[in-house]
file protein-v4.csv (CSV, N, CA, C and O atoms)
chain,number,residue,atom,x,y,z
A,21,SER,N,0.1,12.5,9.2
A,21,SER,CA,-0.1,11.1,9.5
A,21,SER,C,1.1,10.5,10.2
A,21,SER,O,2.2,10.8,9.8
A,22,GLN,N,0.9,9.6,11.1
A,22,GLN,CA,2.0,8.9,11.7
A,22,GLN,C,2.8,8.1,10.8
A,22,GLN,O,4.0,7.7,11.1
A,23,TYR,N,2.3,7.7,9.6
A,23,TYR,CA,2.9,6.8,8.7
A,23,TYR,C,3.7,7.6,7.6
A,23,TYR,O,4.5,7.0,6.9
A,24,ARG,N,3.4,8.8,7.4
A,24,ARG,CA,4.0,9.6,6.3
A,24,ARG,C,5.5,9.7,6.5
A,24,ARG,O,6.1,10.1,7.5
A,25,GLY,N,6.3,9.2,5.5
A,25,GLY,CA,7.7,9.2,5.5
A,25,GLY,C,8.4,8.3,6.5
A,25,GLY,O,9.6,8.3,6.7
A,26,ALA,N,7.6,7.4,7.1
A,26,ALA,CA,8.1,6.5,8.1
A,26,ALA,C,8.8,5.3,7.5
A,26,ALA,O,8.6,4.9,6.4
A,27,ASP,N,9.7,4.7,8.3
A,27,ASP,CA,10.4,3.4,7.9
A,27,ASP,C,9.6,2.3,8.5
A,27,ASP,O,9.6,2.0,9.7
A,28,LEU,N,8.8,1.6,7.6
A,28,LEU,CA,7.9,0.6,8.1
A,28,LEU,C,8.2,-0.7,7.3
A,28,LEU,O,7.4,-1.6,7.1
A,29,GLN,N,9.5,-0.9,7.0
A,29,GLN,CA,9.9,-2.1,6.3
A,29,GLN,C,9.6,-3.3,7.1
A,29,GLN,O,9.8,-3.4,8.3
A,30,ASP,N,9.0,-4.3,6.4
A,30,ASP,CA,8.6,-5.6,7.0
A,30,ASP,C,7.5,-5.5,8.1
A,30,ASP,O,7.3,-6.4,8.8
A,31,ALA,N,6.8,-4.3,8.2
A,31,ALA,CA,5.8,-4.2,9.2
A,31,ALA,C,4.6,-5.1,8.9
A,31,ALA,O,4.3,-5.4,7.7
A,32,ASP,N,3.8,-5.5,9.9
A,32,ASP,CA,2.7,-6.4,9.7
A,32,ASP,C,1.4,-5.6,9.9
A,32,ASP,O,1.1,-5.3,11.1
A,33,PHE,N,0.6,-5.3,8.9
A,33,PHE,CA,-0.7,-4.6,9.0
A,33,PHE,C,-1.8,-5.6,8.5
A,33,PHE,O,-2.8,-5.1,8.1
A,34,PHE,N,-1.6,-6.9,8.7
A,34,PHE,CA,-2.6,-7.9,8.2
A,34,PHE,C,-4.0,-7.5,8.8
A,34,PHE,O,-4.2,-7.4,10.0
A,35,GLY,N,-4.9,-7.4,7.8
A,35,GLY,CA,-6.3,-7.2,8.2
A,35,GLY,C,-6.7,-5.9,8.9
A,35,GLY,O,-7.8,-5.8,9.3
A,36,GLN,N,-5.8,-5.0,9.0
A,36,GLN,CA,-6.1,-3.7,9.7
A,36,GLN,C,-6.9,-2.7,8.9
A,36,GLN,O,-6.8,-2.7,7.7
A,37,ASP,N,-7.6,-1.9,9.6
A,37,ASP,CA,-8.4,-0.8,9.0
A,37,ASP,C,-7.6,0.4,9.0
A,37,ASP,O,-7.3,1.0,10.0
A,38,LEU,N,-7.1,0.7,7.8
A,38,LEU,CA,-6.2,1.8,7.6
A,38,LEU,C,-6.7,2.8,6.5
A,38,LEU,O,-6.0,3.5,5.8
A,39,LYS,N,-8.1,2.8,6.4
A,39,LYS,CA,-8.7,3.7,5.4
A,39,LYS,C,-8.3,5.1,5.6
A,39,LYS,O,-8.2,5.7,6.7
A,40,GLY,N,-7.9,5.7,4.4
A,40,GLY,CA,-7.5,7.1,4.4
A,40,GLY,C,-6.2,7.5,5.0
A,40,GLY,O,-5.9,8.7,5.1
A,41,GLN,N,-5.4,6.5,5.4
A,41,GLN,CA,-4.1,6.8,6.0
A,41,GLN,C,-3.1,7.3,5.0
A,41,GLN,O,-3.2,6.9,3.8
A,42,ASP,N,-2.2,8.1,5.4
A,42,ASP,CA,-1.2,8.7,4.5
A,42,ASP,C,0.2,8.0,4.7
A,42,ASP,O,0.8,8.2,5.7
A,43,PHE,N,0.6,7.2,3.7
A,43,PHE,CA,1.9,6.5,3.7
A,43,PHE,C,2.8,7.2,2.7
A,43,PHE,O,3.8,6.6,2.3
A,44,SER,N,2.5,8.4,2.3
A,44,SER,CA,3.4,9.1,1.3
A,44,SER,C,4.8,9.1,1.7
A,44,SER,O,5.1,9.5,2.8
A,45,GLY,N,5.7,8.7,0.8
A,45,GLY,CA,7.1,8.8,1.1
A,45,GLY,C,7.6,7.8,2.1
A,45,GLY,O,8.8,7.8,2.4
A,46,ALA,N,6.8,6.9,2.5
A,46,ALA,CA,7.2,5.9,3.5
A,46,ALA,C,7.9,4.7,2.8
A,46,ALA,O,7.7,4.5,1.7
A,47,ASN,N,8.7,4.0,3.6
A,47,ASN,CA,9.3,2.8,3.2
A,47,ASN,C,8.5,1.6,3.7
A,47,ASN,O,8.6,1.3,4.9
A,48,VAL,N,7.7,1.0,2.9
A,48,VAL,CA,6.9,-0.2,3.3
A,48,VAL,C,7.3,-1.4,2.6
A,48,VAL,O,6.6,-2.4,2.4
A,49,SER,N,8.6,-1.5,2.2
A,49,SER,CA,9.2,-2.6,1.5
A,49,SER,C,9.0,-3.9,2.4
A,49,SER,O,9.3,-3.9,3.6
A,50,GLY,N,8.4,-4.9,1.7
A,50,GLY,CA,8.2,-6.2,2.4
A,50,GLY,C,7.1,-6.2,3.5
A,50,GLY,O,6.9,-7.1,4.2
A,51,ALA,N,6.4,-5.0,3.6
A,51,ALA,CA,5.3,-5.0,4.6
A,51,ALA,C,4.1,-5.8,4.2
A,51,ALA,O,3.9,-6.1,3.0
A,52,ASN,N,3.4,-6.3,5.2
A,52,ASN,CA,2.3,-7.2,4.9
A,52,ASN,C,1.0,-6.4,5.1
A,52,ASN,O,0.6,-6.1,6.3
A,53,PHE,N,0.3,-6.1,4.0
A,53,PHE,CA,-1.0,-5.4,4.1
A,53,PHE,C,-2.1,-6.4,3.6
A,53,PHE,O,-3.2,-6.0,3.2
A,54,GLU,N,-1.9,-7.7,3.7
A,54,GLU,CA,-2.9,-8.7,3.3
A,54,GLU,C,-4.2,-8.5,4.0
A,54,GLU,O,-4.2,-8.3,5.2
A,55,LYS,N,-5.3,-8.5,3.2
A,55,LYS,CA,-6.7,-8.3,3.7
A,55,LYS,C,-6.9,-7.0,4.5
A,55,LYS,O,-7.9,-6.8,5.2
A,56,ALA,N,-6.0,-6.0,4.3
A,56,ALA,CA,-6.1,-4.7,5.0
A,56,ALA,C,-7.2,-3.9,4.2
A,56,ALA,O,-7.3,-4.0,3.0
A,57,GLU,N,-7.8,-3.0,5.0
A,57,GLU,CA,-8.8,-2.0,4.4
A,57,GLU,C,-8.0,-0.7,4.2
A,57,GLU,O,-7.7,0.0,5.2
A,58,LEU,N,-7.7,-0.4,3.0
A,58,LEU,CA,-6.8,0.8,2.6
A,58,LEU,C,-7.5,1.7,1.7
A,58,LEU,O,-6.9,2.5,1.0
A,59,ASP,N,-8.9,1.7,1.6
A,59,ASP,CA,-9.6,2.6,0.7
A,59,ASP,C,-9.2,4.0,1.0
A,59,ASP,O,-9.2,4.5,2.2
A,60,GLY,N,-8.9,4.8,0.0
A,60,GLY,CA,-8.5,6.2,0.1
A,60,GLY,C,-7.1,6.4,0.7
A,60,GLY,O,-6.8,7.6,0.9
A,61,ALA,N,-6.3,5.4,0.9
A,61,ALA,CA,-5.0,5.6,1.5
A,61,ALA,C,-4.1,6.2,0.4
A,61,ALA,O,-4.3,6.0,-0.8
A,62,ARG,N,-3.0,6.9,0.9
A,62,ARG,CA,-2.1,7.5,0.0
A,62,ARG,C,-0.7,6.9,0.2
A,62,ARG,O,-0.2,6.8,1.3
A,63,PHE,N,-0.1,6.4,-0.9
A,63,PHE,CA,1.2,5.8,-1.0
A,63,PHE,C,2.1,6.6,-2.0
A,63,PHE,O,3.0,6.0,-2.6
A,64,ASP,N,1.8,7.9,-2.2
A,64,ASP,CA,2.5,8.6,-3.2
A,64,ASP,C,4.0,8.7,-2.9
A,64,ASP,O,4.4,9.1,-1.8
A,65,GLY,N,4.8,8.3,-3.9
A,65,GLY,CA,6.3,8.3,-3.7
A,65,GLY,C,6.8,7.3,-2.7
A,65,GLY,O,8.0,7.4,-2.3
A,66,ALA,N,6.0,6.4,-2.2
A,66,ALA,CA,6.4,5.4,-1.2
A,66,ALA,C,7.2,4.3,-1.9
A,66,ALA,O,7.0,4.0,-3.1
A,67,THR,N,8.0,3.7,-1.1
A,67,THR,CA,8.8,2.5,-1.5
A,67,THR,C,8.0,1.3,-1.0
A,67,THR,O,8.0,1.0,0.2
A,68,CYS,N,7.4,0.6,-2.0
A,68,CYS,CA,6.5,-0.6,-1.6
A,68,CYS,C,7.1,-1.9,-2.2
A,68,CYS,O,6.4,-2.8,-2.5
A,69,ASP,N,8.4,-1.9,-2.4
A,69,ASP,CA,9.1,-3.0,-3.0
A,69,ASP,C,8.8,-4.3,-2.3
A,69,ASP,O,9.1,-4.4,-1.1
A,70,GLY,N,8.2,-5.3,-3.0
A,70,GLY,CA,7.9,-6.6,-2.3
A,70,GLY,C,6.8,-6.5,-1.3
A,70,GLY,O,6.6,-7.5,-0.6
A,71,ALA,N,6.0,-5.4,-1.2
A,71,ALA,CA,4.9,-5.4,-0.2
A,71,ALA,C,3.8,-6.3,-0.6
A,71,ALA,O,3.6,-6.5,-1.8
A,72,ASN,N,3.1,-6.9,0.4
A,72,ASN,CA,2.0,-7.8,0.1
A,72,ASN,C,0.7,-7.1,0.3
A,72,ASN,O,0.3,-6.8,1.4
A,73,PHE,N,0.0,-6.9,-0.8
A,73,PHE,CA,-1.3,-6.3,-0.8
A,73,PHE,C,-2.4,-7.3,-1.2
A,73,PHE,O,-3.5,-6.9,-1.7
A,74,HIS,N,-2.1,-8.6,-1.0
A,74,HIS,CA,-3.0,-9.7,-1.4
A,74,HIS,C,-4.4,-9.5,-0.8
A,74,HIS,O,-4.5,-9.4,0.5
A,75,VAL,N,-5.4,-9.5,-1.6
A,75,VAL,CA,-6.8,-9.4,-1.1
A,75,VAL,C,-7.1,-8.1,-0.3
A,75,VAL,O,-8.0,-8.0,0.4
A,76,ALA,N,-6.2,-7.1,-0.5
A,76,ALA,CA,-6.4,-5.8,0.2
A,76,ALA,C,-7.4,-4.9,-0.5
A,76,ALA,O,-7.6,-5.1,-1.8
A,77,SER,N,-8.1,-4.1,0.2
A,77,SER,CA,-9.1,-3.2,-0.4
A,77,SER,C,-8.4,-1.8,-0.6
A,77,SER,O,-8.0,-1.1,0.4
A,78,LEU,N,-8.1,-1.4,-1.8
A,78,LEU,CA,-7.3,-0.2,-2.2
A,78,LEU,C,-8.1,0.7,-3.1
A,78,LEU,O,-7.5,1.5,-3.8
A,79,ASN,N,-9.4,0.6,-3.0
A,79,ASN,CA,-10.3,1.5,-3.8
A,79,ASN,C,-10.0,3.0,-3.5
A,79,ASN,O,-9.8,3.4,-2.3
A,80,ASP,N,-9.9,3.8,-4.6
A,80,ASP,CA,-9.6,5.2,-4.5
A,80,ASP,C,-8.3,5.6,-3.8
A,80,ASP,O,-8.2,6.7,-3.3
A,81,SER,N,-7.4,4.6,-3.7
A,81,SER,CA,-6.1,4.9,-3.1
A,81,SER,C,-5.2,5.6,-4.2
A,81,SER,O,-5.5,5.6,-5.4
A,82,SER,N,-4.0,6.1,-3.7
A,82,SER,CA,-3.1,6.8,-4.6
A,82,SER,C,-1.7,6.2,-4.4
A,82,SER,O,-1.2,6.2,-3.3
A,83,PHE,N,-1.1,5.8,-5.5
A,83,PHE,CA,0.3,5.3,-5.6
A,83,PHE,C,1.1,6.1,-6.6
A,83,PHE,O,2.0,5.6,-7.2
A,84,ARG,N,0.8,7.4,-6.7
A,84,ARG,CA,1.5,8.2,-7.7
A,84,ARG,C,3.0,8.2,-7.4
A,84,ARG,O,3.5,8.5,-6.4
A,85,GLY,N,3.8,7.8,-8.5
A,85,GLY,CA,5.2,7.8,-8.4
A,85,GLY,C,5.8,6.8,-7.4
A,85,GLY,O,7.0,6.9,-7.0
A,86,ALA,N,5.0,5.8,-6.9
A,86,ALA,CA,5.4,4.8,-6.0
A,86,ALA,C,6.3,3.7,-6.6
A,86,ALA,O,6.1,3.4,-7.8
A,87,ASN,N,7.1,3.1,-5.8
A,87,ASN,CA,7.9,2.0,-6.3
A,87,ASN,C,7.1,0.7,-5.8
A,87,ASN,O,7.1,0.4,-4.6
A,88,LEU,N,6.5,0.0,-6.8
A,88,LEU,CA,5.7,-1.2,-6.5
A,88,LEU,C,6.4,-2.4,-7.1
A,88,LEU,O,5.7,-3.4,-7.4
A,89,LYS,N,7.7,-2.3,-7.2
A,89,LYS,CA,8.4,-3.5,-7.8
A,89,LYS,C,8.2,-4.7,-6.9
A,89,LYS,O,8.3,-4.7,-5.7
A,90,LYS,N,7.8,-5.8,-7.6
A,90,LYS,CA,7.6,-7.1,-6.9
A,90,LYS,C,6.5,-7.1,-5.9
A,90,LYS,O,6.4,-8.0,-5.1
A,91,ALA,N,5.7,-6.0,-5.9
A,91,ALA,CA,4.6,-5.9,-4.9
A,91,ALA,C,3.6,-7.0,-5.3
A,91,ALA,O,3.3,-7.2,-6.5
A,92,MET,N,2.9,-7.6,-4.4
A,92,MET,CA,1.9,-8.6,-4.6
A,92,MET,C,0.5,-7.9,-4.5
A,92,MET,O,0.1,-7.5,-3.4
A,93,LEU,N,-0.2,-7.9,-5.6
A,93,LEU,CA,-1.5,-7.2,-5.7
A,93,LEU,C,-2.6,-8.2,-6.1
A,93,LEU,O,-3.7,-7.8,-6.5
A,94,LYS,N,-2.3,-9.5,-6.0
A,94,LYS,CA,-3.3,-10.5,-6.4
A,94,LYS,C,-4.6,-10.3,-5.6
A,94,LYS,O,-4.6,-10.3,-4.4
A,95,GLN,N,-5.7,-10.3,-6.3
A,95,GLN,CA,-7.0,-10.1,-5.8
A,95,GLN,C,-7.2,-8.8,-5.0
A,95,GLN,O,-8.2,-8.7,-4.3
A,96,ALA,N,-6.3,-7.9,-5.2
A,96,ALA,CA,-6.5,-6.6,-4.5
A,96,ALA,C,-7.6,-5.8,-5.3
A,96,ALA,O,-7.8,-5.9,-6.5
A,97,LYS,N,-8.4,-5.0,-4.5
A,97,LYS,CA,-9.4,-4.2,-5.1
A,97,LYS,C,-8.8,-2.8,-5.4
A,97,LYS,O,-8.4,-2.1,-4.4
A,98,LEU,N,-8.8,-2.4,-6.7
A,98,LEU,CA,-8.1,-1.2,-7.0
A,98,LEU,C,-9.0,-0.2,-7.8
A,98,LEU,O,-8.6,0.6,-8.6
A,99,ASN,N,-10.3,-0.3,-7.6
A,99,ASN,CA,-11.3,0.6,-8.3
A,99,ASN,C,-11.0,2.0,-8.0
A,99,ASN,O,-10.9,2.4,-6.8
A,100,GLY,N,-10.7,2.8,-9.0
A,100,GLY,CA,-10.5,4.3,-8.8
A,100,GLY,C,-9.1,4.6,-8.3
A,100,GLY,O,-8.8,5.7,-8.0
A,101,ALA,N,-8.2,3.6,-8.2
A,101,ALA,CA,-6.9,3.9,-7.7
A,101,ALA,C,-6.0,4.6,-8.7
A,101,ALA,O,-6.2,4.4,-9.9
A,102,ASN,N,-5.2,5.5,-8.2
A,102,ASN,CA,-4.3,6.3,-9.1
A,102,ASN,C,-2.9,5.7,-9.0
A,102,ASN,O,-2.2,5.7,-8.0
A,103,LEU,N,-2.5,5.1,-10.2
A,103,LEU,CA,-1.1,4.5,-10.3
A,103,LEU,C,-0.2,5.3,-11.2
A,103,LEU,O,0.8,4.8,-11.7
A,104,GLU,N,-0.5,6.6,-11.4
A,104,GLU,CA,0.2,7.4,-12.4
A,104,GLU,C,1.7,7.4,-12.0
A,104,GLU,O,2.0,7.8,-10.8
A,105,GLY,N,2.6,7.1,-12.9
A,105,GLY,CA,4.0,7.1,-12.6
A,105,GLY,C,4.5,6.1,-11.7
A,105,GLY,O,5.7,6.1,-11.4
A,106,ALA,N,3.7,5.1,-11.3
A,106,ALA,CA,4.2,4.1,-10.4
A,106,ALA,C,5.0,3.0,-11.2
A,106,ALA,O,4.7,2.8,-12.3
A,107,ASP,N,6.0,2.5,-10.5
A,107,ASP,CA,6.8,1.4,-11.1
A,107,ASP,C,6.3,0.1,-10.7
A,107,ASP,O,6.4,-0.3,-9.5
A,108,LEU,N,5.7,-0.6,-11.7
A,108,LEU,CA,5.0,-1.9,-11.4
A,108,LEU,C,5.8,-3.1,-12.0
A,108,LEU,O,5.3,-4.2,-12.2
A,109,THR,N,7.1,-2.9,-12.2
A,109,THR,CA,7.9,-4.0,-12.8
A,109,THR,C,8.2,-5.1,-11.8
A,109,THR,O,8.1,-4.9,-10.6

call {"tool": "encode", "arguments": {"input": "protein-v4.csv", "output": "structure tokens"}}
result
Amino acid sequence: SQYRGADLQDADFFGQDLKGQDFSGANVSGANFEKAELDGARFDGATCDGANFHVASLNDSSFRGANLKKAMLKQAKLNGANLEGADLT
């Protein structure tokens, strides 16, 4: 995937259809995923510090071992999401 391991700090993905995309190991700190379609997306080991997932659809997504410190997940859909080992502090 074009996003795997990429530096996407502060990128704007507002409302985009990113279903099934692989953001594993990427730096998406401060990125805006508000209202984005991210069902089945992978963020394994990604740095998502302060990322905005407000009202995003994250069903069946994976955040295994991801850094979600200060990430905004208000009203995000997380049905079936894997947050094993993720840092949600």

call {"tool": "atom_distance", "arguments": {"input": "protein-v4.csv", "atom1": "CA of Ala61 in chain A", "atom2": "atom C of Asp37 in chain A"}}
result
9.5 Å

call {"tool": "residues_around", "arguments": {"input": "protein-v4.csv", "residues": "range 47-53 of chain A", "least_positions_apart": "5", "cutoff": "9 Å", "atoms": "only C-alpha atoms", "output": "JSON, numbers by chain"}}
result
{"A": [25, 26, 27, 28, 29, 30, 31, 32, 33, 34, 35, 36, 58, 66, 67, 68, 69, 70, 71, 72, 73, 74, 75, 76, 88, 91]}

call {"tool": "write_last_selection", "arguments": {"input": "protein-v4.csv", "atoms": "N, CA, C and O atoms", "output": "short mmCIF file (atom, residue, chain, number, x, y, z; two decimals), in the coordinates of the input"}}
result
data_model
loop_
_atom_site.label_atom_id
_atom_site.label_comp_id
_atom_site.auth_asym_id
_atom_site.auth_seq_id
_atom_site.Cartn_x
_atom_site.Cartn_y
_atom_site.Cartn_z
N GLY A 25 6.30 9.20 5.50
CA GLY A 25 7.70 9.20 5.50
C GLY A 25 8.40 8.30 6.50
O GLY A 25 9.60 8.30 6.70
N ALA A 26 7.60 7.40 7.10
CA ALA A 26 8.10 6.50 8.10
C ALA A 26 8.80 5.30 7.50
O ALA A 26 8.60 4.90 6.40
N ASP A 27 9.70 4.70 8.30
CA ASP A 27 10.40 3.40 7.90
C ASP A 27 9.60 2.30 8.50
O ASP A 27 9.60 2.00 9.70
N LEU A 28 8.80 1.60 7.60
CA LEU A 28 7.90 0.60 8.10
C LEU A 28 8.20 -0.70 7.30
O LEU A 28 7.40 -1.60 7.10
N GLN A 29 9.50 -0.90 7.00
CA GLN A 29 9.90 -2.10 6.30
C GLN A 29 9.60 -3.30 7.10
O GLN A 29 9.80 -3.40 8.30
N ASP A 30 9.00 -4.30 6.40
CA ASP A 30 8.60 -5.60 7.00
C ASP A 30 7.50 -5.50 8.10
O ASP A 30 7.30 -6.40 8.80
N ALA A 31 6.80 -4.30 8.20
CA ALA A 31 5.80 -4.20 9.20
C ALA A 31 4.60 -5.10 8.90
O ALA A 31 4.30 -5.40 7.70
N ASP A 32 3.80 -5.50 9.90
CA ASP A 32 2.70 -6.40 9.70
C ASP A 32 1.40 -5.60 9.90
O ASP A 32 1.10 -5.30 11.10
N PHE A 33 0.60 -5.30 8.90
CA PHE A 33 -0.70 -4.60 9.00
C PHE A 33 -1.80 -5.60 8.50
O PHE A 33 -2.80 -5.10 8.10
N PHE A 34 -1.60 -6.90 8.70
CA PHE A 34 -2.60 -7.90 8.20
C PHE A 34 -4.00 -7.50 8.80
O PHE A 34 -4.20 -7.40 10.00
N GLY A 35 -4.90 -7.40 7.80
CA GLY A 35 -6.30 -7.20 8.20
C GLY A 35 -6.70 -5.90 8.90
O GLY A 35 -7.80 -5.80 9.30
N GLN A 36 -5.80 -5.00 9.00
CA GLN A 36 -6.10 -3.70 9.70
C GLN A 36 -6.90 -2.70 8.90
O GLN A 36 -6.80 -2.70 7.70
N LEU A 58 -7.70 -0.40 3.00
CA LEU A 58 -6.80 0.80 2.60
C LEU A 58 -7.50 1.70 1.70
O LEU A 58 -6.90 2.50 1.00
N ALA A 66 6.00 6.40 -2.20
CA ALA A 66 6.40 5.40 -1.20
C ALA A 66 7.20 4.30 -1.90
O ALA A 66 7.00 4.00 -3.10
N THR A 67 8.00 3.70 -1.10
CA THR A 67 8.80 2.50 -1.50
C THR A 67 8.00 1.30 -1.00
O THR A 67 8.00 1.00 0.20
N CYS A 68 7.40 0.60 -2.00
CA CYS A 68 6.50 -0.60 -1.60
C CYS A 68 7.10 -1.90 -2.20
O CYS A 68 6.40 -2.80 -2.50
N ASP A 69 8.40 -1.90 -2.40
CA ASP A 69 9.10 -3.00 -3.00
C ASP A 69 8.80 -4.30 -2.30
O ASP A 69 9.10 -4.40 -1.10
N GLY A 70 8.20 -5.30 -3.00
CA GLY A 70 7.90 -6.60 -2.30
C GLY A 70 6.80 -6.50 -1.30
O GLY A 70 6.60 -7.50 -0.60
N ALA A 71 6.00 -5.40 -1.20
CA ALA A 71 4.90 -5.40 -0.20
C ALA A 71 3.80 -6.30 -0.60
O ALA A 71 3.60 -6.50 -1.80
N ASN A 72 3.10 -6.90 0.40
CA ASN A 72 2.00 -7.80 0.10
C ASN A 72 0.70 -7.10 0.30
O ASN A 72 0.30 -6.80 1.40
N PHE A 73 0.00 -6.90 -0.80
CA PHE A 73 -1.30 -6.30 -0.80
C PHE A 73 -2.40 -7.30 -1.20
O PHE A 73 -3.50 -6.90 -1.70
N HIS A 74 -2.10 -8.60 -1.00
CA HIS A 74 -3.00 -9.70 -1.40
C HIS A 74 -4.40 -9.50 -0.80
O HIS A 74 -4.50 -9.40 0.50
N VAL A 75 -5.40 -9.50 -1.60
CA VAL A 75 -6.80 -9.40 -1.10
C VAL A 75 -7.10 -8.10 -0.30
O VAL A 75 -8.00 -8.00 0.40
N ALA A 76 -6.20 -7.10 -0.50
CA ALA A 76 -6.40 -5.80 0.20
C ALA A 76 -7.40 -4.90 -0.50
O ALA A 76 -7.60 -5.10 -1.80
N LEU A 88 6.50 0.00 -6.80
CA LEU A 88 5.70 -1.20 -6.50
C LEU A 88 6.40 -2.40 -7.10
O LEU A 88 5.70 -3.40 -7.40
N ALA A 91 5.70 -6.00 -5.90
CA ALA A 91 4.60 -5.90 -4.90
C ALA A 91 3.60 -7.00 -5.30
O ALA A 91 3.30 -7.20 -6.50
#

call {"tool": "closest_residue", "arguments": {"input": "protein-v4.csv", "among": "A:Gly45, A:Gly40, A:Gly65, A:Gly60", "to": "Gly85 in chain A", "atoms": "only C-alpha atoms"}}
result
A:Gly65

call {"tool": "atom_distance", "arguments": {"input": "protein-v4.csv", "atom1": "CA of Ala96 in chain A", "atom2": "atom N of Leu78 in chain A"}}
result
6.1 Å

call {"tool": "atom_distance", "arguments": {"input": "protein-v4.csv", "atom1": "atom O of Lys89 in chain A", "atom2": "atom N of Ser21 in chain A"}}
result
24.2 Å

call {"tool": "residues_around", "arguments": {"input": "protein-v4.csv", "residues": "Asn99 in chain A", "least_positions_apart": "3", "cutoff": "6 Å", "atoms": "all atoms listed in the file", "output": "PyMOL selection string"}}
result
chain A and resi 78-81

call {"tool": "closest_residue", "arguments": {"input": "protein-v4.csv", "among": "A:Lys55, A:Ser77, A:Lys90, A:Ser44", "to": "Thr109 in chain A", "atoms": "all atoms listed in the file"}}
result
A:Lys90

call {"tool": "closest_residue", "arguments": {"input": "protein-v4.csv", "among": "A:Gln22, A:Asn87, A:Ala46, A:Lys97", "to": "Asp59 in chain A", "atoms": "all atoms listed in the file"}}
result
A:Lys97

call {"tool": "select_by_dssp", "arguments": {"input": "protein-v4.csv", "residues": "chain A", "states": "strand (DSSP E or B)", "output": "PyMOL selection string"}}
result
chain A and resi 27+32+37+42+47+52+57+62+67+72+77+82+87+92+97+102+107

call {"tool": "residues_around", "arguments": {"input": "protein-v4.csv", "residues": "Phe43 in chain A", "least_positions_apart": "5", "cutoff": "6 Å", "atoms": "only C-alpha atoms", "output": "list in words"}}
result
Tyr23, Arg24, Arg62 and Phe63 of chain A

call {"tool": "decode", "arguments": {"input": "protein-v4.csv", "residues": "range 81-96 of chain A", "atoms": "N, CA and C atoms", "output": "compact mmCIF listing (two decimals), in the first residue's frame"}}
result
# COMPACT_ATOMS: atom_id res chain seq x y z
N SER A 81 -11.38 -2.81 11.53
CA SER A 81 -10.03 -2.28 11.33
C SER A 81 -9.08 -2.88 12.37
N SER A 82 -7.79 -2.66 12.18
CA SER A 82 -6.80 -3.21 13.10
C SER A 82 -5.81 -2.12 13.52
N PHE A 83 -5.67 -1.96 14.84
CA PHE A 83 -4.74 -1.01 15.44
C PHE A 83 -3.80 -1.75 16.39
N ARG A 84 -3.42 -2.97 16.06
CA ARG A 84 -2.58 -3.76 16.96
C ARG A 84 -1.24 -3.05 17.20
N GLY A 85 -0.94 -2.80 18.48
CA GLY A 85 0.32 -2.17 18.85
C GLY A 85 0.46 -0.73 18.40
N ALA A 86 -0.63 -0.10 18.02
CA ALA A 86 -0.57 1.29 17.56
C ALA A 86 -0.53 2.28 18.72
N ASN A 87 0.05 3.43 18.47
CA ASN A 87 0.06 4.53 19.43
C ASN A 87 -1.14 5.41 19.12
N LEU A 88 -2.16 5.36 19.99
CA LEU A 88 -3.37 6.16 19.82
C LEU A 88 -3.47 7.22 20.91
N LYS A 89 -2.34 7.63 21.46
CA LYS A 89 -2.35 8.65 22.51
C LYS A 89 -3.03 9.91 21.99
N LYS A 90 -3.96 10.40 22.78
CA LYS A 90 -4.70 11.63 22.47
C LYS A 90 -5.47 11.58 21.15
N ALA A 91 -5.61 10.39 20.59
CA ALA A 91 -6.41 10.26 19.36
C ALA A 91 -7.88 10.52 19.69
N MET A 92 -8.58 11.17 18.79
CA MET A 92 -9.98 11.49 18.98
C MET A 92 -10.84 10.45 18.27
N LEU A 93 -11.56 9.66 19.06
CA LEU A 93 -12.37 8.57 18.53
C LEU A 93 -13.86 8.78 18.80
N LYS A 94 -14.24 10.00 19.13
CA LYS A 94 -15.63 10.29 19.48
C LYS A 94 -16.56 9.94 18.31
N GLN A 95 -17.56 9.14 18.62
CA GLN A 95 -18.59 8.69 17.68
C GLN A 95 -18.03 7.86 16.52
N ALA A 96 -16.81 7.36 16.67
CA ALA A 96 -16.24 6.47 15.64
C ALA A 96 -16.90 5.10 15.76
